[in-house]
Amino acid sequence: MALWKEPTKQSPAPGLQPEPAVPARFDAQPAPETRPELAPIIAAVPARPQARIVEKSESLIAPDITIEGKIEGAGHVRVAGRFKGDINVHGDLTIDPRANVTGSVRAEKVVIAGELVGNIDAAQHVDLAQSGALSGDLKAGTLTVAAGSRMRGHVEFGWGDEKNATHKPANGSAS
């Protein structure tokens, strides 16, 4: 027993030919070849790349929130309140003015406009804003320090992959 009814084939009226089946289009627009006024525009528009660019989302710790724990994952994190614990993200970390973070940080880009008590390790770029304060060690690819910001700790930046390389003579002989 079937739960659905299959369509029955109807014979066309005498002298009429059935229309050929046309695949449905999702945009519900007539094909460009049927709209001659769009032909120059369509020819000038480059084709879209097949791979979609996925933007990382941003998580927010609001100004009136205090959290203790650990943050790990992909995406951007913005702290406007207080956070105590380690942060390890494959994305950016922004510490807003009047925000406070206590713990170690590992992120691609770190912007400090509030206060960070802890170490920053292996960031590509660190931006210490005018209202920012850092108490801890910093290791980054590049560092921007604004006038009026405060920092206490050891800083290493600009070394990149060259840090592990030793100076060797150009001819390869040891001296």
# chains A, B, ... in the order shown; residues from 1 in each chain; ligands from 1

call {"tool": "residues_around", "arguments": {"residues": "range 82-92 of chain A", "least_positions_apart": "5", "cutoff": "6 Å", "atoms": "only C-alpha atoms", "output": "list in words"}}
result
Thr66, Ile67, Glu68, Gly69, Lys70, Ile71, Glu72, Gly73, Ala74, Gly75, His76, Ala99, Asn100, Val101, Thr102, Gly103, Ser104, Val105, Arg106, Ala107, Glu108, Lys109 and Val110 of chain A

call {"tool": "residues_around", "arguments": {"residues": "Ala140 in chain A", "least_positions_apart": "5", "cutoff": "7 Å", "atoms": "only C-alpha atoms", "output": "PyMOL selection string"}}
result
chain A and resi 121-126+156-158

call {"tool": "write_last_selection", "arguments": {"atoms": "N, CA and C atoms", "output": "PDB file, in the first residue's frame"}}
result
ATOM      1  N   ASP A 121      52.273  34.890  25.279  1.00  0.00           N
ATOM      2  CA  ASP A 121      53.250  34.038  24.616  1.00  0.00           C
ATOM      3  C   ASP A 121      52.841  33.790  23.177  1.00  0.00           C
ATOM      4  N   ALA A 122      53.794  33.955  22.270  1.00  0.00           N
ATOM      5  CA  ALA A 122      53.647  33.585  20.858  1.00  0.00           C
ATOM      6  C   ALA A 122      52.526  34.307  20.134  1.00  0.00           C
ATOM      7  N   ALA A 123      52.324  35.565  20.425  1.00  0.00           N
ATOM      8  CA  ALA A 123      51.355  36.353  19.666  1.00  0.00           C
ATOM      9  C   ALA A 123      52.038  36.890  18.411  1.00  0.00           C
ATOM     10  N   GLN A 124      51.283  37.018  17.333  1.00  0.00           N
ATOM     11  CA  GLN A 124      51.836  37.622  16.124  1.00  0.00           C
ATOM     12  C   GLN A 124      52.018  39.120  16.332  1.00  0.00           C
ATOM     13  N   HIS A 125      51.025  39.746  16.976  1.00  0.00           N
ATOM     14  CA  HIS A 125      51.091  41.189  17.203  1.00  0.00           C
ATOM     15  C   HIS A 125      50.433  41.517  18.536  1.00  0.00           C
ATOM     16  N   VAL A 126      51.057  42.418  19.275  1.00  0.00           N
ATOM     17  CA  VAL A 126      50.485  42.920  20.528  1.00  0.00           C
ATOM     18  C   VAL A 126      50.397  44.427  20.414  1.00  0.00           C
ATOM     19  N   GLU A 156      60.137  40.338  24.585  1.00  0.00           N
ATOM     20  CA  GLU A 156      60.848  39.841  23.410  1.00  0.00           C
ATOM     21  C   GLU A 156      59.923  40.025  22.218  1.00  0.00           C
ATOM     22  N   PHE A 157      60.399  40.737  21.207  1.00  0.00           N
ATOM     23  CA  PHE A 157      59.605  40.882  19.989  1.00  0.00           C
ATOM     24  C   PHE A 157      60.516  41.063  18.800  1.00  0.00           C
ATOM     25  N   GLY A 158      59.995  40.763  17.627  1.00  0.00           N
ATOM     26  CA  GLY A 158      60.713  40.966  16.383  1.00  0.00           C
ATOM     27  C   GLY A 158      61.667  39.848  16.002  1.00  0.00           C
TER      28      GLY A 158
END

call {"tool": "residues_around", "arguments": {"residues": "range 127-136 of chain A", "least_positions_apart": "2", "cutoff": "6 Å", "atoms": "only C-alpha atoms", "output": "JSON, numbers by chain"}}
result
{"A": [111, 112, 113, 114, 115, 116, 117, 118, 119, 143, 144, 145, 146, 147, 148, 149, 150, 151, 152, 153]}

call {"tool": "write_last_selection", "arguments": {"atoms": "N, CA and C atoms", "output": "short mmCIF file (atom, residue, chain, number, x, y, z; two decimals), in the first residue's frame"}}
result
data_model
loop_
_atom_site.label_atom_id
_atom_site.label_comp_id
_atom_site.auth_asym_id
_atom_site.auth_seq_id
_atom_site.Cartn_x
_atom_site.Cartn_y
_atom_site.Cartn_z
N VAL A 111 45.13 42.92 21.85
CA VAL A 111 44.98 44.36 22.04
C VAL A 111 44.65 44.58 23.50
N ILE A 112 45.51 45.36 24.19
CA ILE A 112 45.31 45.60 25.61
C ILE A 112 44.97 47.08 25.80
N ALA A 113 43.72 47.35 26.13
CA ALA A 113 43.29 48.70 26.46
C ALA A 113 42.90 48.76 27.94
N GLY A 114 42.77 47.58 28.57
CA GLY A 114 42.47 47.49 30.01
C GLY A 114 43.71 47.01 30.74
N GLU A 115 43.54 46.05 31.64
CA GLU A 115 44.66 45.56 32.44
C GLU A 115 44.82 44.05 32.26
N LEU A 116 46.05 43.62 32.02
CA LEU A 116 46.39 42.21 31.92
C LEU A 116 47.49 41.91 32.93
N VAL A 117 47.23 40.97 33.84
CA VAL A 117 48.22 40.50 34.79
C VAL A 117 48.51 39.06 34.40
N GLY A 118 49.60 38.85 33.69
CA GLY A 118 49.96 37.54 33.19
C GLY A 118 50.85 37.65 31.98
N ASN A 119 51.30 36.54 31.48
CA ASN A 119 52.23 36.50 30.35
C ASN A 119 51.49 36.36 29.03
N LEU A 143 55.24 44.53 18.25
CA LEU A 143 54.66 45.20 19.42
C LEU A 143 54.46 46.66 19.11
N THR A 144 53.28 47.17 19.44
CA THR A 144 52.99 48.59 19.32
C THR A 144 52.65 49.10 20.71
N VAL A 145 53.36 50.14 21.14
CA VAL A 145 53.15 50.70 22.48
C VAL A 145 52.74 52.15 22.33
N ALA A 146 51.58 52.49 22.88
CA ALA A 146 51.09 53.86 22.81
C ALA A 146 51.61 54.65 24.00
N ALA A 147 51.80 55.95 23.80
CA ALA A 147 52.23 56.82 24.89
C ALA A 147 51.18 56.79 26.00
N GLY A 148 51.63 56.68 27.22
CA GLY A 148 50.70 56.65 28.36
C GLY A 148 50.39 55.25 28.85
N SER A 149 50.74 54.23 28.07
CA SER A 149 50.50 52.85 28.52
C SER A 149 51.54 52.47 29.56
N ARG A 150 51.25 51.38 30.29
CA ARG A 150 52.16 50.94 31.35
C ARG A 150 52.48 49.47 31.17
N MET A 151 53.76 49.10 31.51
CA MET A 151 54.15 47.71 31.41
C MET A 151 55.25 47.42 32.41
N ARG A 152 55.15 46.22 33.01
CA ARG A 152 56.18 45.74 33.91
C ARG A 152 56.42 44.29 33.57
N GLY A 153 57.65 43.96 33.10
CA GLY A 153 57.97 42.59 32.75
C GLY A 153 59.03 42.54 31.67
#

call {"tool": "atom_distance", "arguments": {"atom1": "CA of Pro63 in chain A", "atom2": "CA of Val79 in chain A"}}
result
7.7 Å

call {"tool": "select_by_dssp", "arguments": {"residues": "range 72-126 of chain A", "states": "strand (DSSP E)", "output": "ChimeraX atom specification"}}
result
/A:72-74,76-79,82-90,92-95,100-102,105-106,109-112,115-117,120-126

call {"tool": "atom_distance", "arguments": {"atom1": "CA of His154 in chain A", "atom2": "CA of Gly81 in chain A"}}
result
26.0 Å

call {"tool": "atom_distance", "arguments": {"atom1": "CA of Val77 in chain A", "atom2": "CA of Leu60 in chain A"}}
result
6.0 Å
